file entry-v1.cif (mmCIF, C-alpha atoms (C1' of nucleotides))
data_data
#
loop_
_atom_site.label_atom_id
_atom_site.label_comp_id
_atom_site.auth_asym_id
_atom_site.auth_seq_id
_atom_site.Cartn_x
_atom_site.Cartn_y
_atom_site.Cartn_z
CA MET A 1 157.14 17.78 -14.14
CA ILE A 2 157.70 14.15 -13.28
CA MET A 3 155.10 11.66 -12.08
CA THR A 4 155.67 9.14 -9.32
CA PRO A 5 155.17 5.52 -10.40
CA MET A 6 151.87 5.33 -8.56
CA ILE A 7 150.53 8.36 -10.31
CA GLU A 8 151.90 7.29 -13.66
CA THR A 9 150.20 3.91 -13.36
CA PHE A 10 146.84 5.50 -12.85
CA VAL A 11 147.29 8.18 -15.49
CA MET A 12 148.31 5.68 -18.15
CA HIS A 13 145.48 3.36 -17.27
CA PHE A 14 142.95 6.14 -17.40
CA GLY A 15 144.29 7.02 -20.82
CA GLU A 16 143.60 3.54 -22.09
CA MET A 17 140.11 3.57 -20.60
CA GLY A 18 139.50 7.05 -21.92
CA SER A 19 138.92 5.78 -25.42
CA ARG A 20 136.13 3.59 -24.08
CA TRP A 21 134.62 6.50 -22.24
CA GLY A 22 134.30 8.86 -25.15
CA PHE A 23 137.56 10.77 -25.28
CA ASN A 24 140.91 9.78 -26.73
CA ARG A 25 143.91 8.41 -24.91
CA THR A 26 145.74 11.68 -24.42
CA VAL A 27 142.64 13.47 -23.18
CA GLY A 28 142.08 10.67 -20.70
CA GLN A 29 145.65 10.92 -19.43
CA MET A 30 145.40 14.66 -19.15
CA TYR A 31 142.21 14.53 -17.17
CA ALA A 32 143.55 11.86 -14.85
CA LEU A 33 146.66 13.94 -14.23
CA LEU A 34 144.59 16.99 -13.44
CA VAL A 35 142.32 15.06 -11.10
CA ILE A 36 145.08 13.66 -8.95
CA THR A 37 147.23 16.79 -8.94
CA GLU A 38 146.19 19.29 -6.30
CA ASP A 39 147.84 22.44 -7.65
CA PRO A 40 146.92 23.94 -11.01
CA ILE A 41 149.43 23.00 -13.72
CA SER A 42 150.36 24.54 -17.05
CA ALA A 43 149.99 23.08 -20.51
CA ASN A 44 153.75 22.67 -20.65
CA ASP A 45 153.77 20.73 -17.40
CA ILE A 46 151.21 18.38 -18.88
CA ALA A 47 153.11 17.91 -22.13
CA GLU A 48 156.26 17.17 -20.22
CA ALA A 49 154.68 14.80 -17.72
CA LEU A 50 152.94 12.80 -20.43
CA SER A 51 155.70 13.04 -23.06
CA VAL A 52 153.19 14.26 -25.55
CA SER A 53 153.40 17.04 -28.10
CA ARG A 54 152.46 20.53 -27.08
CA GLY A 55 149.93 20.73 -29.90
CA ASN A 56 148.22 17.59 -28.72
CA VAL A 57 147.93 19.01 -25.21
CA SER A 58 146.38 22.14 -26.57
CA MET A 59 143.76 20.12 -28.44
CA GLY A 60 143.06 18.06 -25.35
CA LEU A 61 142.65 21.10 -23.13
CA LYS A 62 140.19 22.50 -25.60
CA GLU A 63 138.15 19.35 -25.47
CA LEU A 64 138.22 19.17 -21.68
CA GLN A 65 137.07 22.76 -21.59
CA ALA A 66 134.25 22.02 -24.00
CA TRP A 67 133.18 19.26 -21.63
CA GLN A 68 133.49 21.77 -18.78
CA LEU A 69 135.72 19.38 -16.91
CA ILE A 70 138.53 21.84 -16.29
CA GLN A 71 138.92 25.51 -15.57
CA THR A 72 141.80 27.94 -16.01
CA HIS A 73 143.61 29.53 -13.15
CA HIS A 74 145.94 32.53 -13.25
CA LYS A 75 148.91 33.20 -11.04
CA PRO A 76 149.76 36.82 -10.24
CA ALA A 77 152.53 38.27 -12.44
CA ASP A 78 152.42 35.28 -14.74
CA ARG A 79 150.62 35.31 -18.01
CA LYS A 80 150.76 31.58 -18.37
CA GLU A 81 147.50 29.74 -17.90
CA TYR A 82 147.22 27.03 -15.32
CA TYR A 83 144.57 24.34 -15.32
CA GLN A 84 142.70 22.42 -12.68
CA THR A 85 139.64 20.20 -12.62
CA ASN A 86 136.27 21.78 -12.37
CA GLY A 87 133.63 20.30 -10.08
CA SER A 88 133.51 16.96 -8.36
CA ILE A 89 134.00 13.49 -9.75
CA TRP A 90 130.24 13.25 -9.78
CA ASP A 91 130.03 16.25 -12.02
CA MET A 92 132.45 14.66 -14.41
CA ALA A 93 130.43 11.45 -14.49
CA ASN A 94 127.35 13.48 -15.31
CA ARG A 95 129.15 15.21 -18.15
CA VAL A 96 130.30 11.92 -19.53
CA PHE A 97 126.82 10.43 -19.37
CA GLU A 98 125.29 13.46 -21.00
CA GLU A 99 127.85 13.58 -23.77
CA ARG A 100 127.41 9.92 -24.46
CA ARG A 101 123.67 10.26 -24.54
CA LYS A 102 124.09 12.91 -27.21
CA ARG A 103 126.37 10.72 -29.26
CA GLU A 104 124.82 7.34 -28.69
CA MET A 105 121.09 7.87 -28.31
CA ASP A 106 119.92 11.16 -29.74
CA PRO A 107 120.89 10.46 -33.36
CA THR A 108 119.17 7.09 -33.32
CA LEU A 109 116.06 8.45 -31.64
CA SER A 110 115.71 11.13 -34.26
CA LEU A 111 116.29 8.73 -37.14
CA ILE A 112 113.72 6.28 -35.83
CA ARG A 113 111.17 9.06 -35.42
CA ASP A 114 111.66 9.97 -39.05
CA ILE A 115 111.27 6.40 -40.20
CA LEU A 116 108.10 5.94 -38.18
CA LEU A 117 106.51 8.87 -39.99
CA ASP A 118 106.49 6.92 -43.26
CA SER A 119 103.79 4.37 -43.79
CA PRO A 120 104.94 0.80 -44.25
CA ALA A 121 105.10 -0.39 -47.87
CA ASN A 122 104.43 -4.04 -47.06
CA ALA A 123 104.11 -6.59 -44.29
CA LYS A 124 107.87 -6.72 -43.68
CA GLU A 125 108.06 -3.00 -43.18
CA GLU A 126 105.09 -3.15 -40.89
CA TYR A 127 106.90 -5.65 -38.69
CA ALA A 128 110.05 -3.55 -38.90
CA GLN A 129 108.17 -0.48 -37.72
CA GLU A 130 106.78 -2.35 -34.73
CA LYS A 131 110.29 -3.29 -33.72
CA LEU A 132 111.54 0.23 -34.32
CA GLN A 133 108.84 1.49 -32.03
CA GLU A 134 110.16 -0.80 -29.32
CA VAL A 135 113.70 0.42 -29.80
CA HIS A 136 112.42 3.97 -29.75
CA ASN A 137 110.56 3.45 -26.50
CA LEU A 138 113.58 1.90 -24.89
CA LEU A 139 115.91 4.71 -25.90
CA GLU A 140 113.42 7.34 -24.90
CA GLY A 141 113.00 5.66 -21.56
CA ILE A 142 116.73 5.61 -20.92
CA VAL A 143 117.12 9.23 -21.94
CA LYS A 144 114.25 10.44 -19.77
CA TRP A 145 115.37 8.36 -16.86
CA SER A 146 118.95 9.53 -16.99
CA SER A 147 117.98 13.18 -17.19
CA GLU A 148 115.70 12.51 -14.25
CA LEU A 149 118.61 11.14 -12.25
CA GLN A 150 120.67 14.18 -13.09
CA ARG A 151 117.90 16.49 -11.98
CA LEU A 152 117.74 14.69 -8.63
CA GLY A 153 121.17 16.02 -7.73
CA PRO A 154 124.00 14.24 -5.94
CA GLU A 155 122.45 14.09 -2.46
CA LYS A 156 119.24 12.35 -3.44
CA LEU A 157 121.11 10.21 -5.90
CA ASP A 158 123.25 9.09 -3.04
CA THR A 159 120.19 8.22 -0.99
CA LEU A 160 118.84 6.27 -3.92
CA MET A 161 122.11 4.39 -4.35
CA LYS A 162 122.40 3.54 -0.69
CA LEU A 163 118.84 2.31 -0.78
CA GLY A 164 120.06 -0.46 -3.05
CA SER A 165 117.74 -3.42 -3.04
CA GLY A 166 115.40 -1.38 -0.88
CA VAL A 167 114.25 0.26 -4.09
CA GLY A 168 111.99 -2.67 -4.75
CA LYS A 169 110.29 -2.31 -1.39
CA VAL A 170 109.84 1.41 -1.76
CA LEU A 171 108.29 0.86 -5.16
CA ASP A 172 105.84 -1.63 -3.74
CA MET A 173 104.66 1.01 -1.32
CA LYS A 174 104.69 4.03 -3.50
CA ASP A 175 101.07 3.73 -4.58
CA LYS A 176 99.88 3.78 -1.03
CA LEU A 177 102.16 6.68 -0.19
CA LEU A 178 101.54 8.96 -3.08
CA LEU A 179 97.86 8.35 -2.79
CA LYS A 180 97.83 9.62 0.76
CA ALA A 181 100.04 12.58 -0.07
CA SER A 182 98.14 13.89 -3.10
CA PRO A 183 95.52 11.61 -4.63
CA ASN A 184 95.76 13.00 -8.17
CA ASP A 185 99.50 13.09 -8.59
CA ASN A 186 100.06 9.45 -9.28
CA LYS A 187 99.97 9.16 -13.05
CA ALA A 188 103.26 10.16 -14.64
CA MET B 1 117.98 -10.99 -49.84
CA ILE B 2 117.30 -7.37 -50.57
CA MET B 3 116.39 -4.69 -48.05
CA THR B 4 113.77 -2.04 -48.66
CA PRO B 5 115.09 1.52 -48.41
CA MET B 6 113.42 2.02 -45.03
CA ILE B 7 115.06 -1.05 -43.61
CA GLU B 8 118.38 -0.26 -45.19
CA THR B 9 118.38 3.22 -43.67
CA PHE B 10 117.94 1.83 -40.20
CA VAL B 11 120.38 -1.03 -40.63
CA MET B 12 123.14 1.24 -41.90
CA HIS B 13 122.54 3.78 -39.16
CA PHE B 14 122.62 1.11 -36.50
CA GLY B 15 125.91 -0.06 -37.93
CA GLU B 16 127.42 3.38 -37.50
CA MET B 17 126.11 3.62 -33.95
CA GLY B 18 127.26 0.10 -33.20
CA SER B 19 130.84 1.17 -32.85
CA ARG B 20 129.78 3.60 -30.14
CA TRP B 21 127.84 0.89 -28.39
CA GLY B 22 130.62 -1.61 -28.08
CA PHE B 23 130.49 -3.70 -31.23
CA ASN B 24 131.83 -3.01 -34.69
CA ARG B 25 129.93 -1.68 -37.67
CA THR B 26 129.16 -5.01 -39.29
CA VAL B 27 127.97 -6.56 -36.05
CA GLY B 28 125.69 -3.57 -35.54
CA GLN B 29 124.22 -3.92 -39.01
CA MET B 30 123.74 -7.62 -38.55
CA TYR B 31 121.93 -7.21 -35.29
CA ALA B 32 119.71 -4.47 -36.67
CA LEU B 33 118.82 -6.65 -39.61
CA LEU B 34 117.95 -9.54 -37.36
CA VAL B 35 115.84 -7.34 -35.09
CA ILE B 36 113.65 -5.95 -37.82
CA THR B 37 113.34 -9.20 -39.79
CA GLU B 38 110.61 -11.44 -38.51
CA ASP B 39 111.70 -14.74 -40.03
CA PRO B 40 114.99 -16.42 -39.19
CA ILE B 41 117.61 -15.78 -41.87
CA SER B 42 120.80 -17.56 -42.88
CA ALA B 43 124.36 -16.30 -42.74
CA ASN B 44 124.33 -16.10 -46.52
CA ASP B 45 121.21 -13.96 -46.48
CA ILE B 46 122.96 -11.60 -44.12
CA ALA B 47 126.13 -11.41 -46.20
CA GLU B 48 124.10 -10.73 -49.30
CA ALA B 49 121.85 -8.13 -47.73
CA LEU B 50 124.75 -6.22 -46.22
CA SER B 51 127.22 -6.77 -49.09
CA VAL B 52 129.75 -8.00 -46.64
CA SER B 53 132.12 -10.95 -46.82
CA ARG B 54 130.94 -14.32 -45.67
CA GLY B 55 133.85 -14.58 -43.27
CA ASN B 56 132.97 -11.31 -41.66
CA VAL B 57 129.39 -12.45 -41.13
CA SER B 58 130.64 -15.59 -39.47
CA MET B 59 132.75 -13.57 -37.05
CA GLY B 60 129.83 -11.29 -36.34
CA LEU B 61 127.46 -14.15 -35.64
CA LYS B 62 129.98 -15.59 -33.25
CA GLU B 63 130.14 -12.33 -31.37
CA LEU B 64 126.37 -11.90 -31.27
CA GLN B 65 126.10 -15.43 -29.91
CA ALA B 66 128.69 -14.67 -27.26
CA TRP B 67 126.55 -11.72 -26.23
CA GLN B 68 123.55 -14.07 -26.27
CA LEU B 69 121.71 -11.68 -28.54
CA ILE B 70 120.79 -14.25 -31.18
CA GLN B 71 119.84 -17.88 -31.36
CA THR B 72 119.97 -20.46 -34.10
CA HIS B 73 116.95 -21.97 -35.71
CA HIS B 74 116.73 -25.06 -37.89
CA LYS B 75 114.34 -25.71 -40.71
CA PRO B 76 113.27 -29.30 -41.38
CA ALA B 77 115.21 -31.01 -44.18
CA ASP B 78 117.71 -28.17 -44.34
CA ARG B 79 121.11 -28.36 -42.74
CA LYS B 80 121.65 -24.65 -43.02
CA GLU B 81 121.47 -22.67 -39.80
CA TYR B 82 119.08 -19.78 -39.52
CA TYR B 83 119.38 -16.99 -37.03
CA GLN B 84 116.96 -14.80 -35.13
CA THR B 85 117.17 -12.43 -32.20
CA ASN B 86 117.01 -13.82 -28.73
CA GLY B 87 114.96 -12.04 -26.10
CA SER B 88 113.45 -8.59 -26.07
CA ILE B 89 115.00 -5.24 -26.81
CA TRP B 90 115.23 -4.80 -23.07
CA ASP B 91 117.31 -7.93 -22.79
CA MET B 92 119.66 -6.63 -25.40
CA ALA B 93 120.04 -3.31 -23.58
CA ASN B 94 120.88 -5.22 -20.42
CA ARG B 95 123.53 -7.22 -22.23
CA VAL B 96 125.03 -4.07 -23.64
CA PHE B 97 125.11 -2.39 -20.24
CA GLU B 98 126.65 -5.41 -18.61
CA GLU B 99 129.29 -5.84 -21.29
CA ARG B 100 130.21 -2.21 -21.09
CA ARG B 101 130.46 -2.35 -17.33
CA LYS B 102 132.96 -5.17 -17.71
CA ARG B 103 135.01 -3.23 -20.22
CA GLU B 104 134.70 0.26 -18.84
CA MET B 105 134.47 -0.01 -15.08
CA ASP B 106 135.78 -3.32 -13.76
CA PRO B 107 139.40 -2.90 -14.93
CA THR B 108 139.62 0.57 -13.43
CA LEU B 109 138.03 -0.50 -10.19
CA SER B 110 140.51 -3.29 -9.77
CA LEU B 111 143.49 -1.10 -10.63
CA ILE B 112 142.43 1.57 -8.16
CA ARG B 113 141.99 -1.03 -5.43
CA ASP B 114 145.55 -2.17 -6.02
CA ILE B 115 146.91 1.35 -5.90
CA LEU B 116 145.09 2.11 -2.68
CA LEU B 117 146.81 -0.83 -1.00
CA ASP B 118 150.18 0.95 -1.26
CA SER B 119 150.95 3.61 1.26
CA PRO B 120 151.54 7.09 -0.14
CA ALA B 121 155.21 8.06 -0.54
CA ASN B 122 154.62 11.77 -0.06
CA ALA B 123 152.00 14.50 0.23
CA LYS B 124 151.23 14.43 -3.49
CA GLU B 125 150.54 10.76 -3.42
CA GLU B 126 148.40 11.20 -0.38
CA TYR B 127 146.26 13.70 -2.22
CA ALA B 128 146.20 11.42 -5.24
CA GLN B 129 144.95 8.54 -3.14
CA GLU B 130 142.14 10.64 -1.73
CA LYS B 131 141.02 11.42 -5.24
CA LEU B 132 141.36 7.82 -6.31
CA GLN B 133 139.14 6.85 -3.42
CA GLU B 134 136.50 9.21 -4.75
CA VAL B 135 136.74 7.75 -8.23
CA HIS B 136 136.56 4.30 -6.75
CA ASN B 137 133.44 5.10 -4.77
CA LEU B 138 131.78 6.56 -7.81
CA LEU B 139 132.51 3.58 -10.00
CA GLU B 140 131.49 1.16 -7.32
CA GLY B 141 128.27 3.07 -6.86
CA ILE B 142 127.46 2.94 -10.54
CA VAL B 143 128.24 -0.76 -10.75
CA LYS B 144 126.13 -1.65 -7.72
CA TRP B 145 123.32 0.55 -8.83
CA SER B 146 123.18 -0.83 -12.33
CA SER B 147 123.20 -4.43 -11.16
CA GLU B 148 120.43 -3.43 -8.79
CA LEU B 149 118.38 -2.10 -11.68
CA GLN B 150 118.94 -5.30 -13.60
CA ARG B 151 117.81 -7.34 -10.66
CA LEU B 152 114.59 -5.35 -10.43
CA GLY B 153 113.44 -6.78 -13.74
CA PRO B 154 111.61 -5.05 -16.57
CA GLU B 155 108.24 -4.57 -14.85
CA LYS B 156 109.51 -2.73 -11.80
CA LEU B 157 111.98 -0.86 -13.92
CA ASP B 158 109.07 0.32 -15.97
CA THR B 159 107.27 1.49 -12.84
CA LEU B 160 110.39 3.33 -11.78
CA MET B 161 110.72 4.96 -15.18
CA LYS B 162 107.11 6.03 -15.30
CA LEU B 163 107.49 7.45 -11.84
CA GLY B 164 109.87 9.98 -13.34
CA SER B 165 110.15 13.09 -11.24
CA GLY B 166 107.99 11.36 -8.65
CA VAL B 167 111.13 9.58 -7.56
CA GLY B 168 112.11 12.61 -5.54
CA LYS B 169 108.85 12.59 -3.65
CA VAL B 170 109.00 8.89 -2.95
CA LEU B 171 112.51 9.29 -1.63
CA ASP B 172 111.41 12.02 0.74
CA MET B 173 108.93 9.63 2.22
CA LYS B 174 110.91 6.46 2.25
CA ASP B 175 112.26 6.96 5.78
CA LYS B 176 108.80 7.20 7.18
CA LEU B 177 107.65 4.21 5.21
CA LEU B 178 110.45 1.81 5.77
CA LEU B 179 110.48 2.72 9.40
CA LYS B 180 106.89 1.67 9.77
CA ALA B 181 107.39 -1.46 7.73
CA SER B 182 110.47 -2.82 9.50
CA PRO B 183 112.32 -0.49 11.82
CA ASN B 184 115.76 -2.11 11.47
CA ASP B 185 115.86 -2.48 7.73
CA ASN B 186 116.70 1.06 6.83
CA LYS B 187 120.50 1.18 6.70
CA ALA B 188 121.89 -0.17 3.48
"C1'" DT C 1 154.70 48.95 -31.45
"C1'" DT C 2 157.56 45.34 -30.92
"C1'" DA C 3 159.21 41.06 -29.38
"C1'" DA C 4 158.84 37.56 -26.04
"C1'" DA C 5 155.91 34.15 -24.29
"C1'" DG C 6 152.32 31.44 -25.12
"C1'" DT C 7 148.45 29.13 -27.94
"C1'" DT C 8 146.33 27.08 -31.96
"C1'" DT C 9 146.13 24.92 -36.35
"C1'" DC C 10 147.23 21.64 -39.77
"C1'" DA C 11 149.47 18.59 -43.18
"C1'" DG C 12 151.76 14.46 -42.97
"C1'" DT C 13 152.68 10.16 -40.45
"C1'" DA C 14 151.86 6.48 -37.27
"C1'" DA C 15 148.97 3.27 -34.84
"C1'" DA C 16 144.89 0.78 -34.11
"C1'" DT C 17 140.97 -1.53 -35.89
"C1'" DA C 18 138.03 -3.76 -39.17
"C1'" DC C 19 137.24 -6.29 -43.63
"C1'" DT C 20 138.16 -9.25 -47.55
"C1'" DG C 21 138.85 -13.35 -50.02
"C1'" DA C 22 140.75 -17.56 -50.17
"C1'" DA C 23 141.94 -21.70 -47.99
"C1'" DA C 24 141.13 -25.05 -44.30
"C1'" DC C 25 138.00 -27.35 -41.80
"C1'" DT C 26 133.37 -29.66 -40.51
"C1'" DT C 27 129.08 -31.89 -41.21
"C1'" DT C 28 125.83 -34.98 -43.30
"C1'" DA C 29 122.96 -37.06 -47.20
"C1'" DA C 30 123.41 -40.44 -50.35
"C1'" DT D 1 133.03 -42.93 -47.46
"C1'" DT D 2 132.69 -39.36 -50.38
"C1'" DA D 3 131.48 -35.01 -52.05
"C1'" DA D 4 128.41 -31.28 -51.62
"C1'" DA D 5 127.06 -27.72 -48.67
"C1'" DG D 6 128.26 -24.99 -45.13
"C1'" DT D 7 131.38 -22.75 -41.49
"C1'" DT D 8 135.64 -20.89 -39.62
"C1'" DT D 9 140.15 -18.99 -39.69
"C1'" DC D 10 143.68 -15.97 -41.03
"C1'" DA D 11 147.21 -13.25 -43.57
"C1'" DG D 12 147.17 -9.23 -46.05
"C1'" DT D 13 144.90 -4.82 -47.02
"C1'" DA D 14 142.05 -0.93 -46.28
"C1'" DT D 15 140.00 2.35 -43.30
"C1'" DT D 16 139.68 5.07 -39.50
"C1'" DT D 17 141.53 7.63 -35.79
"C1'" DA D 18 145.13 9.84 -33.18
"C1'" DC D 19 149.67 12.24 -32.80
"C1'" DT D 20 153.70 14.94 -34.06
"C1'" DG D 21 156.32 18.89 -35.14
"C1'" DA D 22 156.49 22.98 -37.28
"C1'" DA D 23 154.44 27.12 -38.67
"C1'" DA D 24 150.90 30.63 -37.95
"C1'" DC D 25 148.61 33.22 -34.88
"C1'" DT D 26 147.53 35.89 -30.37
"C1'" DT D 27 148.44 38.41 -26.30
"C1'" DT D 28 150.70 41.69 -23.42
"C1'" DA D 29 154.75 43.90 -20.88
"C1'" DA D 30 157.90 47.20 -21.73
#
call {"tool": "encode", "arguments": {"input": "entry-v1.cif", "output": "structure tokens"}}
result
Amino acid sequence: MIMTPMIETFVMHFGEMGSRWGFNRTVGQMYALLVITEDPISANDIAEALSVSRGNVSMGLKELQAWQLIQTHHKPADRKEYYQTNGSIWDMANRVFEERRKREMDPTLSLIRDILLDSPANAKEEYAQEKLQEVHNLLEGIVKWSSELQRLGPEKLDTLMKLGSGVGKVLDMKDKLLLKASPNDNKA
Amino acid sequence: MIMTPMIETFVMHFGEMGSRWGFNRTVGQMYALLVITEDPISANDIAEALSVSRGNVSMGLKELQAWQLIQTHHKPADRKEYYQTNGSIWDMANRVFEERRKREMDPTLSLIRDILLDSPANAKEEYAQEKLQEVHNLLEGIVKWSSELQRLGPEKLDTLMKLGSGVGKVLDMKDKLLLKASPNDNKA
DNA sequence: TTAAAGTTTCAGTAAATACTGAAACTTTAA
DNA sequence: TTAAAGTTTCAGTATTTACTGAAACTTTAA
């Protein structure tokens, strides 16, 4: 399989960015290729298109499957497996966010919780714990908020996005609104 | 300067996480140390506490200053420079988000824009461009949205966070609300 | 049940990234 | 204006991470 220059440009770029997004270069290239290719393609096609070893492709496919970003597809009378992307671009963004949360926030949150269980040995540690509490609150806030956004689903998210700077206005009014709707539902 | 075990635990952990957050291990350790230390400390203090070369500390301080995460502090009758964190934890999170946006989104956005200017050479490229448009819209959405959140400022952000699942409800009502408030202000 | 087709694993190698230590440079008190 | 104190730079080295190619393993049609 051979890529047109346009497609190659994007695939290579996505590979470079991939490492910043949480997967390695080859995995990034593979995913990009699968996204912009309509028909399911085989592992060999991928290896050939990207000039990458077959073993490396296999590893990458495994990772993409773990992320649930691709699915297999079978052609009749062909035991080879073909691959295509799974879900929308939005789904993939959600996966990436979730995976990164796991790698970038969860470990720190849990470590800080442990540290906060100990009582401070001196004034310096007392100050340190105050700061750790702040970091903890921030991380917890981000985690809760992002899972909230995911729960909203794409449609509402889209509404929220389009609202843009209107968010401020809506917030200003929310007390009034929620109060009318159900007076006791306005705490958390 | 010597760190207590509690402080060391956090500093080392933050160093490891640092690389996932966009700065290297030493920079992460340095920032953590500065966050949990109340008094301004010198570059030598940092090097000693972290058992890291003086040169490396200098590089790290430069980077933290570029990110505007620290500021210098001078003691009377002492030409040495002392350092302390600049702004709140929230400010630092904003800096990190912004920096990552620059590294992780902007280059891809601009590349995709370029690609979309070319006309597709065949059906495959046409499909590819459709997909690229989707990716573009997603990235643009995230960028706009995140700068929107930054513009809201910490207080409103906090309201939004605390609102949690209430966001859905507020959204359901926003049409009614905004309509009443200013009938022509409800598009973007 | 065998062999052809395909998939996975892994040890060794290559590439990218970060760190050290020493030397060069800058600042300022005397 | 000099030298002591401090800061910055950089070439070489170490560490980490990713990739290759070959061998081991798995599946299934005949």
call {"tool": "interface_residues", "arguments": {"input": "entry-v1.cif", "of": "chain C", "to": "chain A", "cutoff": "9 Å", "atoms": "only C-alpha atoms (C1' of nucleotides)", "output": "number ranges by chain"}}
result
C: 5-9
call {"tool": "atom_distance", "arguments": {"input": "entry-v1.cif", "atom1": "atom CA of B:Gln65", "atom2": "atom CA of B:Phe23"}}
result
12.6 Å
call {"tool": "residues_around", "arguments": {"input": "entry-v1.cif", "residues": "D:DT13", "least_positions_apart": "3", "cutoff": "12 Å", "atoms": "all atoms listed in the file", "output": "list of chain:residue names"}}
result
C:DA18, C:DC19, C:DT20, C:DG21
call {"tool": "write_last_selection", "arguments": {"input": "entry-v1.cif", "atoms": "C-alpha atoms (C1' of nucleotides)", "output": "short mmCIF file (atom, residue, chain, number, x, y, z; two decimals), keeping the file's coordinate frame"}}
result
data_model
loop_
_atom_site.label_atom_id
_atom_site.label_comp_id
_atom_site.auth_asym_id
_atom_site.auth_seq_id
_atom_site.Cartn_x
_atom_site.Cartn_y
_atom_site.Cartn_z
"C1'" DA C 18 138.03 -3.76 -39.17
"C1'" DC C 19 137.24 -6.29 -43.63
"C1'" DT C 20 138.16 -9.25 -47.55
"C1'" DG C 21 138.85 -13.35 -50.02
#
call {"tool": "calpha_fit_rmsd", "arguments": {"input": "entry-v1.cif", "fixed": "chain B", "moving": "chain A"}}
result
0.1 Å
call {"tool": "atom_distance", "arguments": {"input": "entry-v1.cif", "atom1": "atom CA of A:Gln84", "atom2": "atom CA of A:Pro154"}}
result
21.5 Å
call {"tool": "closest_atom_pairs", "arguments": {"input": "entry-v1.cif", "of": "chain A", "to": "chain D", "cutoff": "8 Å", "atoms": "all atoms listed in the file", "output": "Markdown table"}}
result
| residue | atom | partner | partner_atom | distance |
| --- | --- | --- | --- | --- |
| A:Asn24 | CA | D:DA18 | C1' | 7.7 |
| A:Ser53 | CA | D:DT20 | C1' | 6.3 |
| A:Asn56 | CA | D:DC19 | C1' | 6.9 |
call {"tool": "closest_residue", "arguments": {"input": "entry-v1.cif", "among": "B:Leu69, B:Ile46, B:Val27, B:Ile36", "to": "chain A", "atoms": "only C-alpha atoms"}}
result
B:Ile36
call {"tool": "residues_around", "arguments": {"input": "entry-v1.cif", "residues": "B:Asp91", "least_positions_apart": "5", "cutoff": "12 Å", "atoms": "only C-alpha atoms (C1' of nucleotides)", "output": "list in words"}}
result
Val135 and Leu138 of chain A; Trp67, Gln68, Leu69, Ile70, Thr85, Asn86, Val96, Phe97, Glu98, Gln150, Gly153 and Pro154 of chain B
call {"tool": "atom_distance", "arguments": {"input": "entry-v1.cif", "atom1": "atom CA of A:Leu61", "atom2": "atom CA of A:Asn94"}}
result
18.8 Å
call {"tool": "residues_around", "arguments": {"input": "entry-v1.cif", "residues": "A:Ala49", "least_positions_apart": "5", "cutoff": "9 Å", "atoms": "only C-alpha atoms (C1' of nucleotides)", "output": "list in words"}}
result
Met1, Ile2, Met3, Glu8, Leu33 and Asn44 of chain A
call {"tool": "write_last_selection", "arguments": {"input": "entry-v1.cif", "atoms": "C-alpha atoms", "output": "short mmCIF file (atom, residue, chain, number, x, y, z; two decimals), in the frame of the given file"}}
result
data_model
loop_
_atom_site.label_atom_id
_atom_site.label_comp_id
_atom_site.auth_asym_id
_atom_site.auth_seq_id
_atom_site.Cartn_x
_atom_site.Cartn_y
_atom_site.Cartn_z
CA MET A 1 157.14 17.78 -14.14
CA ILE A 2 157.70 14.15 -13.28
CA MET A 3 155.10 11.66 -12.08
CA GLU A 8 151.90 7.29 -13.66
CA LEU A 33 146.66 13.94 -14.23
CA ASN A 44 153.75 22.67 -20.65
#
call {"tool": "decode", "arguments": {"input": "entry-v1.cif", "residues": "stretch 19-25 of chain D", "atoms": "N, CA, C and O atoms (P, O5', C5', C4', C3', O3' and C1' of nucleotides)", "output": "short mmCIF file (atom, residue, chain, number, x, y, z; two decimals), in the first residue's frame"}}
result
data_model
loop_
_atom_site.label_atom_id
_atom_site.label_comp_id
_atom_site.auth_asym_id
_atom_site.auth_seq_id
_atom_site.Cartn_x
_atom_site.Cartn_y
_atom_site.Cartn_z
P DC D 19 8.90 3.60 17.64
"O5'" DC D 19 10.00 2.56 17.15
"C5'" DC D 19 11.18 3.07 16.56
"C4'" DC D 19 11.96 1.91 15.97
"C3'" DC D 19 11.11 0.97 15.12
"O3'" DC D 19 11.69 0.95 13.82
"C1'" DC D 19 12.38 -0.23 16.76
P DT D 20 11.19 -0.08 12.72
"O5'" DT D 20 12.25 -1.25 12.89
"C5'" DT D 20 13.62 -0.97 12.71
"C4'" DT D 20 14.44 -2.25 12.84
"C3'" DT D 20 13.98 -3.36 11.90
"O3'" DT D 20 15.13 -3.77 11.17
"C1'" DT D 20 14.11 -4.14 14.15
P DG D 21 14.96 -4.55 9.79
"O5'" DG D 21 15.28 -6.05 10.23
"C5'" DG D 21 16.38 -6.29 11.09
"C4'" DG D 21 16.30 -7.71 11.60
"C3'" DG D 21 15.71 -8.72 10.62
"O3'" DG D 21 16.43 -9.92 10.78
"C1'" DG D 21 14.43 -8.73 12.59
P DA D 22 16.28 -11.18 9.78
"O5'" DA D 22 16.52 -12.39 10.79
"C5'" DA D 22 17.14 -12.14 12.07
"C4'" DA D 22 16.47 -13.03 13.10
"C3'" DA D 22 15.92 -14.34 12.53
"O3'" DA D 22 16.15 -15.38 13.47
"C1'" DA D 22 14.21 -13.23 13.64
P DA D 23 15.98 -16.94 13.04
"O5'" DA D 23 15.64 -17.65 14.44
"C5'" DA D 23 15.79 -16.92 15.66
"C4'" DA D 23 14.58 -17.17 16.53
"C3'" DA D 23 13.95 -18.55 16.38
"O3'" DA D 23 13.65 -19.04 17.68
"C1'" DA D 23 12.30 -16.92 16.09
P DA D 24 13.11 -20.50 17.94
"O5'" DA D 24 11.70 -20.23 18.61
"C5'" DA D 24 11.63 -19.37 19.75
"C4'" DA D 24 10.18 -19.11 20.05
"C3'" DA D 24 9.33 -20.38 20.12
"O3'" DA D 24 8.52 -20.28 21.29
"C1'" DA D 24 8.38 -18.86 18.57
P DC D 25 7.60 -21.47 21.77
"O5'" DC D 25 6.16 -21.01 21.28
"C5'" DC D 25 5.68 -19.74 21.73
"C4'" DC D 25 4.50 -19.36 20.86
"C3'" DC D 25 3.38 -20.39 20.83
"O3'" DC D 25 2.26 -19.82 21.49
"C1'" DC D 25 3.79 -19.42 18.70
#
